[in-house]
file structure18.txt (compact mmCIF, C-alpha atoms and all ligand atoms)
# COMPACT_ATOMS: atom_id res chain seq x y z
CA MET A 1 74.29 125.95 95.33
CA GLN A 2 76.27 125.72 98.58
CA ARG A 3 79.50 127.52 99.73
CA GLY A 4 77.91 130.94 99.13
CA GLY A 5 76.84 129.95 95.64
CA TRP A 6 80.32 128.79 94.54
CA LEU A 7 80.73 125.33 93.03
CA PRO A 8 84.20 123.87 92.43
CA PHE A 9 84.59 123.11 88.72
CA ASP A 10 84.77 119.33 89.17
CA GLU A 11 81.34 119.33 90.80
CA PHE A 12 79.98 121.53 88.01
CA MET A 13 81.48 119.19 85.39
CA GLN A 14 80.07 116.13 87.16
CA ALA A 15 76.57 117.63 87.02
CA ALA A 16 76.93 119.00 83.46
CA LEU A 17 77.94 115.56 82.18
CA TYR A 18 76.20 113.06 84.44
CA ALA A 19 73.20 114.61 86.31
CA PRO A 20 70.45 112.01 85.82
CA GLY A 21 68.32 112.80 82.77
CA LEU A 22 69.90 116.24 82.21
CA GLY A 23 73.67 115.81 82.04
CA TYR A 24 75.29 115.49 78.63
CA TYR A 25 75.92 111.73 78.94
CA ALA A 26 72.62 111.13 80.72
CA ASN A 27 70.21 112.81 78.28
CA ALA A 28 68.84 111.55 74.97
CA LEU A 29 70.91 113.76 72.61
CA PRO A 30 72.92 111.82 69.96
CA LYS A 31 76.50 112.59 71.26
CA LEU A 32 78.81 110.10 69.50
CA GLY A 33 78.79 109.79 65.74
CA GLY A 34 80.51 110.52 62.46
CA MET A 35 78.92 113.70 61.09
CA PRO A 36 77.23 116.84 62.50
CA ALA A 37 74.19 116.11 60.30
CA SER A 38 73.32 113.22 62.64
CA GLY A 39 73.25 115.70 65.53
CA SER A 40 76.36 114.09 67.01
CA ASP A 41 79.17 116.09 68.59
CA PHE A 42 82.36 114.04 68.29
CA ILE A 43 83.71 110.78 67.01
CA THR A 44 85.72 108.19 68.91
CA ALA A 45 88.07 105.61 67.44
CA PRO A 46 85.65 102.64 67.46
CA GLU A 47 83.01 104.78 65.73
CA LEU A 48 85.59 105.59 63.04
CA SER A 49 86.52 102.06 61.97
CA PRO A 50 85.74 98.48 63.05
CA LEU A 51 89.46 97.74 62.63
CA PHE A 52 90.06 99.60 65.90
CA GLY A 53 88.10 96.95 67.80
CA GLN A 54 89.55 94.13 65.72
CA CYS A 55 93.10 95.14 66.67
CA ILE A 56 92.16 95.40 70.35
CA ALA A 57 90.48 91.99 70.12
CA GLN A 58 93.82 90.48 68.96
CA GLN A 59 95.36 91.97 72.09
CA LEU A 60 92.58 90.79 74.41
CA ALA A 61 92.84 87.27 73.03
CA GLN A 62 96.51 87.14 74.02
CA VAL A 63 95.70 88.46 77.50
CA LEU A 64 92.80 86.04 78.02
CA ASP A 65 95.01 83.05 77.11
CA ALA A 66 97.63 84.21 79.61
CA VAL A 67 95.06 84.80 82.36
CA GLU A 68 93.61 81.34 81.82
CA ALA A 69 97.09 79.77 81.86
CA ALA A 70 97.66 81.49 85.23
CA GLY A 71 94.46 79.93 86.61
CA GLY A 72 92.11 82.89 86.05
CA SER A 73 88.89 83.39 84.14
CA ARG A 74 88.44 84.57 80.54
CA CYS A 75 86.37 87.67 81.21
CA VAL A 76 86.43 91.12 79.63
CA TYR A 77 85.44 94.24 81.59
CA GLU A 78 84.71 97.36 79.57
CA PHE A 79 84.35 100.73 81.29
CA GLY A 80 82.27 103.50 79.68
CA ALA A 81 81.03 101.70 76.57
CA GLY A 82 79.35 104.71 74.87
CA ASN A 83 77.12 103.52 72.03
CA GLY A 84 78.34 99.93 72.52
CA THR A 85 80.36 100.05 69.30
CA LEU A 86 83.66 98.83 70.71
CA ALA A 87 81.90 96.04 72.64
CA LEU A 88 80.24 94.89 69.43
CA GLN A 89 83.54 94.92 67.52
CA LEU A 90 85.26 93.00 70.31
CA CYS A 91 82.54 90.37 70.71
CA GLU A 92 82.35 89.86 66.94
CA HIS A 93 86.08 89.62 66.39
CA LEU A 94 86.77 87.41 69.42
CA ALA A 95 84.13 85.02 68.01
CA HIS A 96 85.68 85.31 64.53
CA ILE A 97 89.13 84.29 65.78
CA SER A 98 87.59 81.53 67.94
CA CYS A 99 88.70 83.12 71.19
CA ARG A 100 86.59 81.75 74.01
CA LEU A 101 84.99 84.42 76.18
CA GLU A 102 83.44 83.50 79.50
CA ARG A 103 81.65 86.78 80.03
CA TYR A 104 81.74 90.40 78.78
CA PHE A 105 80.99 92.85 81.56
CA ILE A 106 80.12 96.51 80.96
CA ILE A 107 80.39 99.18 83.64
CA GLU A 108 78.52 102.26 82.44
CA ILE A 109 77.35 105.18 84.58
CA SER A 110 74.86 106.59 82.07
CA SER A 111 71.55 104.74 82.02
CA GLU A 112 70.72 106.32 78.64
CA LEU A 113 73.93 104.92 77.11
CA ARG A 114 73.37 101.59 78.84
CA MET A 115 70.05 101.34 76.96
CA ARG A 116 71.78 102.15 73.66
CA GLN A 117 74.38 99.48 74.39
CA GLN A 118 71.70 96.89 75.17
CA GLU A 119 70.00 97.64 71.85
CA LYS A 120 73.22 97.46 69.84
CA LEU A 121 74.48 94.31 71.54
CA LYS A 122 71.28 92.24 71.30
CA ALA A 123 73.04 89.52 69.31
CA PHE A 124 75.44 88.95 72.22
CA ALA A 125 72.89 89.38 75.03
CA ASP A 126 73.64 85.89 76.40
CA ARG A 127 77.30 86.82 76.92
CA ILE A 128 77.06 90.36 78.30
CA THR A 129 76.28 91.56 81.82
CA TRP A 130 75.92 95.21 82.85
CA LEU A 131 77.32 95.75 86.32
CA ASP A 132 76.24 98.35 88.89
CA ALA A 133 79.26 97.69 91.10
CA LEU A 134 82.64 96.09 90.57
CA PRO A 135 82.97 92.45 91.63
CA ALA A 136 85.32 91.87 94.58
CA GLN A 137 87.73 89.94 92.34
CA MET A 138 88.10 90.80 88.67
CA GLN A 139 90.10 88.42 86.48
CA GLY A 140 90.71 88.84 82.77
CA ALA A 141 91.12 91.85 80.48
CA VAL A 142 89.95 95.38 81.27
CA ILE A 143 89.41 97.97 78.54
CA GLY A 144 88.27 101.60 78.48
CA ASN A 145 88.37 103.99 75.53
CA GLU A 146 88.09 107.70 76.36
CA VAL A 147 86.70 107.11 79.83
CA LEU A 148 89.37 108.69 82.03
CA ASP A 149 89.27 111.87 79.93
CA ALA A 150 85.50 112.05 80.46
CA MET A 151 85.93 112.21 84.26
CA PRO A 152 85.58 115.56 86.08
CA VAL A 153 88.74 117.54 86.84
CA LYS A 154 89.57 120.35 89.22
CA LEU A 155 90.75 123.63 87.71
CA LEU A 156 93.65 125.54 89.24
CA GLN A 157 94.58 129.04 88.22
CA ARG A 158 97.84 130.80 89.19
CA LYS A 159 97.20 134.55 89.18
CA GLN A 160 99.92 137.01 90.07
CA GLY A 161 101.86 134.17 91.68
CA LEU A 162 98.98 132.91 93.88
CA TRP A 163 97.14 129.64 93.32
CA HIS A 164 93.34 129.69 93.12
CA GLU A 165 90.77 126.97 92.61
CA ARG A 166 88.44 127.89 89.77
CA GLY A 167 84.75 127.43 90.41
CA VAL A 168 81.42 128.45 88.98
CA VAL A 169 78.82 130.90 90.28
CA MET A 170 75.35 131.67 89.01
CA GLN A 171 74.73 135.27 87.94
CA GLU A 172 71.71 136.92 86.37
CA SER A 173 73.29 136.55 82.95
CA GLY A 174 74.12 132.86 83.49
CA PHE A 175 77.08 130.91 84.90
CA ALA A 176 80.39 132.70 85.43
CA TRP A 177 83.87 131.82 86.70
CA GLU A 178 85.02 132.68 90.20
CA ASP A 179 88.51 131.88 91.50
CA ARG A 180 89.20 131.32 95.21
CA LEU A 181 92.56 131.08 96.96
CA THR A 182 93.49 127.44 97.58
CA ASP A 183 96.12 125.17 99.11
CA LEU A 184 95.74 122.80 96.15
CA ARG A 185 98.70 122.65 93.76
CA PRO A 186 99.59 120.93 90.49
CA PRO A 187 101.68 117.80 91.14
CA CYS A 188 104.88 119.55 90.03
CA GLU A 189 106.31 123.08 90.05
CA ILE A 190 105.34 125.18 87.05
CA ALA A 191 108.43 127.16 86.07
CA GLY A 192 107.99 130.94 85.87
CA ASN A 193 105.44 133.14 87.59
CA HIS A 194 103.16 133.94 84.68
CA ASP A 195 99.41 133.38 85.01
CA TYR A 196 98.68 129.72 84.42
CA LEU A 197 95.46 127.70 84.16
CA THR A 198 95.61 123.92 84.49
CA GLU A 199 93.81 120.84 85.79
CA ILE A 200 94.36 118.23 88.48
CA HIS A 201 92.70 114.82 88.35
CA PRO A 202 91.51 113.38 91.69
CA GLN A 203 88.75 111.31 90.03
CA PRO A 204 90.83 109.38 87.48
CA GLU A 205 93.44 108.78 90.21
CA ALA A 206 90.76 107.45 92.59
CA PHE A 207 89.47 105.28 89.75
CA MET A 208 92.94 103.72 89.43
CA ARG A 209 93.01 102.92 93.15
CA THR A 210 89.58 101.29 92.94
CA LEU A 211 90.62 99.24 89.91
CA ALA A 212 93.75 98.09 91.74
CA GLU A 213 91.62 96.92 94.67
CA HIS A 214 89.37 94.84 92.45
CA LEU A 215 91.64 93.47 89.71
CA SER A 216 93.17 90.31 91.12
CA LEU A 217 94.65 88.86 87.90
CA GLY A 218 94.85 90.39 84.46
CA VAL A 219 95.74 93.30 82.24
CA ALA A 220 93.97 96.65 81.88
CA VAL A 221 94.32 98.75 78.73
CA PHE A 222 93.12 102.36 78.64
CA ILE A 223 93.07 104.69 75.68
CA ASP A 224 92.79 108.43 76.28
CA TYR A 225 93.96 111.84 75.18
CA GLY A 226 96.66 112.96 77.58
CA PHE A 227 100.30 113.60 78.38
CA PRO A 228 102.99 112.52 80.82
CA GLU A 229 103.38 115.05 83.65
CA ALA A 230 106.34 117.00 82.24
CA GLU A 231 104.42 117.64 79.02
CA TYR A 232 101.13 118.28 80.80
CA TYR A 233 102.49 120.94 83.11
CA HIS A 234 104.81 122.51 80.58
CA PRO A 235 105.16 126.23 81.41
CA GLN A 236 103.86 127.11 77.93
CA ARG A 237 100.63 125.11 78.35
CA HIS A 238 99.17 128.01 80.32
CA MET A 239 95.57 127.57 79.17
CA GLY A 240 95.19 123.95 80.32
CA THR A 241 93.57 121.21 78.25
CA LEU A 242 89.85 121.58 79.03
CA MET A 243 87.77 121.36 75.85
CA THR A 244 84.16 121.10 74.78
CA HIS A 245 82.68 119.40 71.72
CA HIS A 246 79.44 120.35 70.04
CA LEU A 247 78.40 119.34 66.50
CA HIS A 248 82.03 118.35 65.73
CA THR A 249 83.39 121.76 66.68
CA SER A 250 85.66 122.15 69.66
CA SER A 251 85.74 125.13 71.98
CA THR A 252 86.93 125.99 75.47
CA ASP A 253 83.85 127.36 77.24
CA PRO A 254 82.10 124.75 79.40
CA LEU A 255 79.70 127.32 80.89
CA VAL A 256 77.51 127.47 77.79
CA ARG A 257 75.20 124.86 76.22
CA ILE A 258 75.21 122.95 79.52
CA GLY A 259 74.03 119.39 78.95
CA GLU A 260 74.28 119.87 75.18
CA GLN A 261 78.04 119.71 74.73
CA ASP A 262 80.73 117.31 75.83
CA ILE A 263 83.35 118.53 78.31
CA THR A 264 86.70 116.78 78.46
CA ALA A 265 90.21 117.30 79.80
CA HIS A 266 93.40 115.45 78.97
CA VAL A 267 94.70 112.81 81.38
CA ASN A 268 97.89 113.22 83.39
CA PHE A 269 99.21 109.72 82.67
CA THR A 270 102.04 110.05 85.17
CA ALA A 271 99.68 110.79 88.07
CA CYS A 272 97.33 107.96 87.07
CA ALA A 273 100.27 105.57 86.67
CA LEU A 274 101.62 106.51 90.12
CA ALA A 275 98.19 106.12 91.74
CA ALA A 276 97.83 102.71 90.08
CA GLN A 277 101.33 101.65 91.07
CA ASP A 278 100.93 102.78 94.69
CA ALA A 279 97.74 100.74 94.85
CA GLY A 280 99.41 97.55 93.63
CA LEU A 281 99.16 97.55 89.82
CA GLU A 282 102.21 97.35 87.60
CA VAL A 283 102.45 99.92 84.82
CA MET A 284 103.74 97.89 81.90
CA GLY A 285 103.38 99.91 78.72
CA TYR A 286 102.58 103.31 77.28
CA CYS A 287 102.51 104.18 73.60
CA THR A 288 100.67 106.14 70.95
CA GLN A 289 97.47 104.80 69.46
CA GLY A 290 99.16 104.59 66.05
CA ARG A 291 101.91 102.37 67.46
CA PHE A 292 99.55 100.10 69.33
CA LEU A 293 97.32 99.50 66.31
CA LEU A 294 100.27 98.90 63.98
CA ASN A 295 101.73 96.45 66.51
CA CYS A 296 98.39 94.62 66.50
CA GLY A 297 98.45 94.17 62.72
CA LEU A 298 96.30 97.09 61.53
CA LEU A 299 98.01 97.41 58.15
CA SER A 300 97.42 93.83 57.08
CA LYS A 301 93.78 94.11 58.18
CA ALA A 302 93.37 97.32 56.12
CA GLU A 303 94.98 95.96 52.95
CA HIS A 304 91.79 94.90 51.24
CA LEU A 305 89.64 97.86 52.26
CA ALA A 306 88.08 100.24 49.74
CA GLN A 307 89.20 103.86 49.63
CA ILE A 308 86.65 105.38 52.05
CA PRO A 309 87.04 102.92 54.95
CA ARG A 310 90.79 103.00 54.37
CA ALA A 311 90.76 106.79 54.85
CA SER A 312 89.05 106.27 58.23
CA VAL A 313 91.75 103.80 59.21
CA ALA A 314 94.38 106.40 58.29
CA LYS A 315 92.76 108.80 60.80
CA LEU A 316 93.30 106.21 63.54
CA ILE A 317 97.07 106.25 62.96
CA ASN A 318 97.93 109.61 61.37
CA GLU A 319 100.17 111.62 63.67
CA HIS A 320 98.15 114.81 63.22
CA GLU A 321 94.90 112.99 64.02
CA MET A 322 94.27 110.28 66.63
CA GLY A 323 97.49 108.37 65.93
CA GLU A 324 99.79 110.47 68.08
CA LEU A 325 97.47 112.36 70.45
CA SER A 326 95.54 109.40 71.73
CA ARG A 327 97.66 107.13 73.94
CA PHE A 328 97.34 103.52 75.03
CA TRP A 329 98.63 102.40 78.36
CA ARG A 330 98.42 99.16 80.23
CA LEU A 331 98.48 98.01 83.80
CA ALA A 332 98.74 94.50 85.09
CA LYS A 333 98.38 92.40 88.19
CA GLY A 334 99.79 88.89 88.58
CA LEU A 335 100.93 88.56 84.94
CA ASP A 336 104.31 89.28 83.42
CA LEU A 337 103.48 89.26 79.75
CA GLU A 338 105.21 90.90 76.77
CA ILE A 339 102.02 92.02 75.12
CA LEU A 340 101.47 92.45 71.41
CA GLY A 341 100.34 96.08 71.29
CA PHE A 342 103.44 97.40 73.07
CA THR A 343 106.15 95.37 71.29
CA GLN A 344 107.49 98.46 69.48
CA GLY A 345 107.38 102.12 70.41
CA ASP A 346 106.89 101.75 74.15
CA ARG A 347 107.36 105.14 75.85
CA SER A 348 106.87 104.08 79.47
CA HIS A 349 110.15 105.81 80.34
CA THR A 350 108.47 109.19 79.65
CA LEU A 351 105.82 108.72 82.33
C1 LIG B 401 83.77 109.81 75.64
S1 LIG B 401 82.64 108.54 75.97
C2 LIG B 401 83.49 107.16 75.24
C3 LIG B 401 82.56 106.06 74.82
C4 LIG B 401 83.18 104.83 74.19
N1 LIG B 401 84.15 104.21 75.05
C5 LIG B 401 83.79 105.13 72.84
O1 LIG B 401 85.01 105.07 72.73
O2 LIG B 401 83.05 105.41 71.89
C6 LIG B 401 82.84 108.29 77.72
C7 LIG B 401 82.06 107.12 78.27
O3 LIG B 401 82.49 106.85 79.62
C8 LIG B 401 81.35 106.75 80.47
N2 LIG B 401 81.86 107.00 81.84
C9 LIG B 401 82.38 108.13 82.36
N3 LIG B 401 82.80 107.94 83.62
C10 LIG B 401 82.58 106.63 83.91
C11 LIG B 401 82.82 105.81 85.05
N4 LIG B 401 83.35 106.29 86.17
N5 LIG B 401 82.46 104.51 85.00
C12 LIG B 401 81.90 103.99 83.87
N6 LIG B 401 81.64 104.72 82.76
C13 LIG B 401 81.97 106.03 82.78
C14 LIG B 401 80.37 107.72 79.84
O4 LIG B 401 79.06 107.57 80.28
C15 LIG B 401 80.56 107.35 78.36
O5 LIG B 401 79.92 106.14 78.04
call {"tool": "encode", "arguments": {"input": "structure18.txt", "output": "structure tokens"}}
result
Amino acid sequence: MQRGGWLPFDEFMQAALYAPGLGYYANALPKLGGMPASGSDFITAPELSPLFGQCIAQQLAQVLDAVEAAGGSRCVYEFGAGNGTLALQLCEHLAHISCRLERYFIIEISSELRMRQQEKLKAFADRITWLDALPAQMQGAVIGNEVLDAMPVKLLQRKQGLWHERGVVMQESGFAWEDRLTDLRPPCEIAGNHDYLTEIHPQPEAFMRTLAEHLSLGVAVFIDYGFPEAEYYHPQRHMGTLMTHHLHTSSTDPLVRIGEQDITAHVNFTACALAAQDAGLEVMGYCTQGRFLLNCGLLSKAEHLAQIPRASVAKLINEHEMGELSRFWRLAKGLDLEILGFTQGDRSHTL
């Protein structure tokens, strides 16, 4: 370790999740899946029901038609494809609704997950390309489910009125927290002077700027757990949003089971939207996952399902499950399109 043995939390989180071979997303442990018996730690929406991908495919089809009409190419770019489940659902459903796809690109930083994706997507191998770097000009539809909330965050702690950056030191007994005075601040004032732990998000914001540089025509849709700024930095949210997941149990200590548990923090949608906007993207929609899926026809797709798969669909939209907490938002460049998933329930005004 450098800096006298002190590592800022974002660097610790980067290593704990992505260090080649050892980090949580880089090693061979199961990670994503339905039940703890499989050794998995958490479930994401595409793993829960294929109808998640089918609804998004309806949306992508509309975007691809509009991009083509504006002179662009019918490509899909997926960031952070996990087990490849969403990619499979999208490729299958786009084929099912006869939506022509020029190319499906996947940008994945974990080589272990890239191998899992290649295995799962064998049937579509002729249509899919894994990219190591973004093309200079991206045209089409961009999608990412739970990618921004898997990016490292910085931790800030206000103690007795003074702001500190929280970092990690190695002690004989293992890793421990150490706070150092800092000039860093949350993006808005936190009312009161009580002790307050929170996160800031330089990596997701930088990601938005990079996307803006590369997307020349199209629409990007991201789905993540998060809040607009006023909710994120509410004075009562004094313990932040950092969470870990291990065997389908959540906890708040990222300094244990390093490499064996997921670490995640909610996204500050306002900060990401501003970074995107400043870099030339238009922020054109923000709504709950439940709303987006209902707008894309989830209920009619679920009508003929048996009880068990229908219960999984309910989890996608129930307010106390993913329906309210997980949010969709979309950005665009060069297209002014009233898109399907945001026709009702748009909350962009809250960003
Ligand atoms: C929580 S998992 C979500 C996986 C999948 N999208 C799903 O919904 O099941 C996060 C994924 O994002 C990937 N990831 C994280 N940061 C990334 C980045 N900067 N670029 C591309 N992939 C990234 C991880 O390796 C992993 O595949």
call {"tool": "residues_near_ligand", "arguments": {"input": "structure18.txt", "ligand": "ligand LIG 401 (chain B)", "cutoff": "9 Å", "atoms": "only C-alpha atoms and all ligand atoms", "output": "PyMOL selection string"}}
result
chain A and resi 17-18+24-26+31-33+42-47+78-87+106-114+143-152+203-204+207+223+262+264
call {"tool": "write_last_selection", "arguments": {"input": "structure18.txt", "atoms": "C-alpha atoms", "output": "compact mmCIF listing (two decimals), in the frame of the given file"}}
result
# COMPACT_ATOMS: atom_id res chain seq x y z
CA LEU A 17 77.94 115.56 82.18
CA TYR A 18 76.20 113.06 84.44
CA TYR A 24 75.29 115.49 78.63
CA TYR A 25 75.92 111.73 78.94
CA ALA A 26 72.62 111.13 80.72
CA LYS A 31 76.50 112.59 71.26
CA LEU A 32 78.81 110.10 69.50
CA GLY A 33 78.79 109.79 65.74
CA PHE A 42 82.36 114.04 68.29
CA ILE A 43 83.71 110.78 67.01
CA THR A 44 85.72 108.19 68.91
CA ALA A 45 88.07 105.61 67.44
CA PRO A 46 85.65 102.64 67.46
CA GLU A 47 83.01 104.78 65.73
CA GLU A 78 84.71 97.36 79.57
CA PHE A 79 84.35 100.73 81.29
CA GLY A 80 82.27 103.50 79.68
CA ALA A 81 81.03 101.70 76.57
CA GLY A 82 79.35 104.71 74.87
CA ASN A 83 77.12 103.52 72.03
CA GLY A 84 78.34 99.93 72.52
CA THR A 85 80.36 100.05 69.30
CA LEU A 86 83.66 98.83 70.71
CA ALA A 87 81.90 96.04 72.64
CA ILE A 106 80.12 96.51 80.96
CA ILE A 107 80.39 99.18 83.64
CA GLU A 108 78.52 102.26 82.44
CA ILE A 109 77.35 105.18 84.58
CA SER A 110 74.86 106.59 82.07
CA SER A 111 71.55 104.74 82.02
CA GLU A 112 70.72 106.32 78.64
CA LEU A 113 73.93 104.92 77.11
CA ARG A 114 73.37 101.59 78.84
CA ILE A 143 89.41 97.97 78.54
CA GLY A 144 88.27 101.60 78.48
CA ASN A 145 88.37 103.99 75.53
CA GLU A 146 88.09 107.70 76.36
CA VAL A 147 86.70 107.11 79.83
CA LEU A 148 89.37 108.69 82.03
CA ASP A 149 89.27 111.87 79.93
CA ALA A 150 85.50 112.05 80.46
CA MET A 151 85.93 112.21 84.26
CA PRO A 152 85.58 115.56 86.08
CA GLN A 203 88.75 111.31 90.03
CA PRO A 204 90.83 109.38 87.48
CA PHE A 207 89.47 105.28 89.75
CA ILE A 223 93.07 104.69 75.68
CA ASP A 262 80.73 117.31 75.83
CA THR A 264 86.70 116.78 78.46
call {"tool": "closest_residue", "arguments": {"input": "structure18.txt", "among": "A:Gln59, A:Ser251, A:Gln289, A:Ser173", "to": "A:Glu324", "atoms": "all atoms listed in the file"}}
result
A:Gln289
call {"tool": "closest_residue", "arguments": {"input": "structure18.txt", "among": "A:Leu281, A:Ala302, A:Leu217, A:Met239", "to": "A:Met138", "atoms": "all atoms listed in the file"}}
result
A:Leu217
call {"tool": "residues_around", "arguments": {"input": "structure18.txt", "residues": "A:Ile128", "least_positions_apart": "3", "cutoff": "10 Å", "atoms": "all atoms listed in the file", "output": "number ranges by chain"}}
result
A: 76-77, 87, 91, 102-106, 118, 121-125, 131
call {"tool": "write_last_selection", "arguments": {"input": "structure18.txt", "atoms": "C-alpha atoms", "output": "tab-separated table (two decimals), keeping the file's coordinate frame"}}
result
chain	number	residue	atom	x	y	z
A	76	VAL	CA	86.43	91.12	79.63
A	77	TYR	CA	85.44	94.24	81.59
A	87	ALA	CA	81.90	96.04	72.64
A	91	CYS	CA	82.54	90.37	70.71
A	102	GLU	CA	83.44	83.50	79.50
A	103	ARG	CA	81.65	86.78	80.03
A	104	TYR	CA	81.74	90.40	78.78
A	105	PHE	CA	80.99	92.85	81.56
A	106	ILE	CA	80.12	96.51	80.96
A	118	GLN	CA	71.70	96.89	75.17
A	121	LEU	CA	74.48	94.31	71.54
A	122	LYS	CA	71.28	92.24	71.30
A	123	ALA	CA	73.04	89.52	69.31
A	124	PHE	CA	75.44	88.95	72.22
A	125	ALA	CA	72.89	89.38	75.03
A	131	LEU	CA	77.32	95.75	86.32
call {"tool": "axis_aligned_box", "arguments": {"input": "structure18.txt", "around": "stretch 97-115 of chain A", "padding_each_side": "8 Å", "output": "lines of an AutoDock Vina configuration file"}}
result
center_x = 79.6
center_y = 94.1
center_z = 75.2
size_x = 35.1
size_y = 41.1
size_z = 34.8
call {"tool": "residues_around", "arguments": {"input": "structure18.txt", "residues": "A:Asp195", "least_positions_apart": "3", "cutoff": "8 Å", "atoms": "only C-alpha atoms", "output": "PDB file with C-alpha atoms, in the frame of the given file"}}
result
ATOM      1  CA  GLN A 157      94.580 129.040  88.220  1.00  0.00           C
ATOM      2  CA  ARG A 158      97.840 130.800  89.190  1.00  0.00           C
ATOM      3  CA  LYS A 159      97.200 134.550  89.180  1.00  0.00           C
ATOM      4  CA  GLN A 160      99.920 137.010  90.070  1.00  0.00           C
ATOM      5  CA  GLY A 161     101.860 134.170  91.680  1.00  0.00           C
ATOM      6  CA  HIS A 238      99.170 128.010  80.320  1.00  0.00           C
TER       7      HIS A 238
END
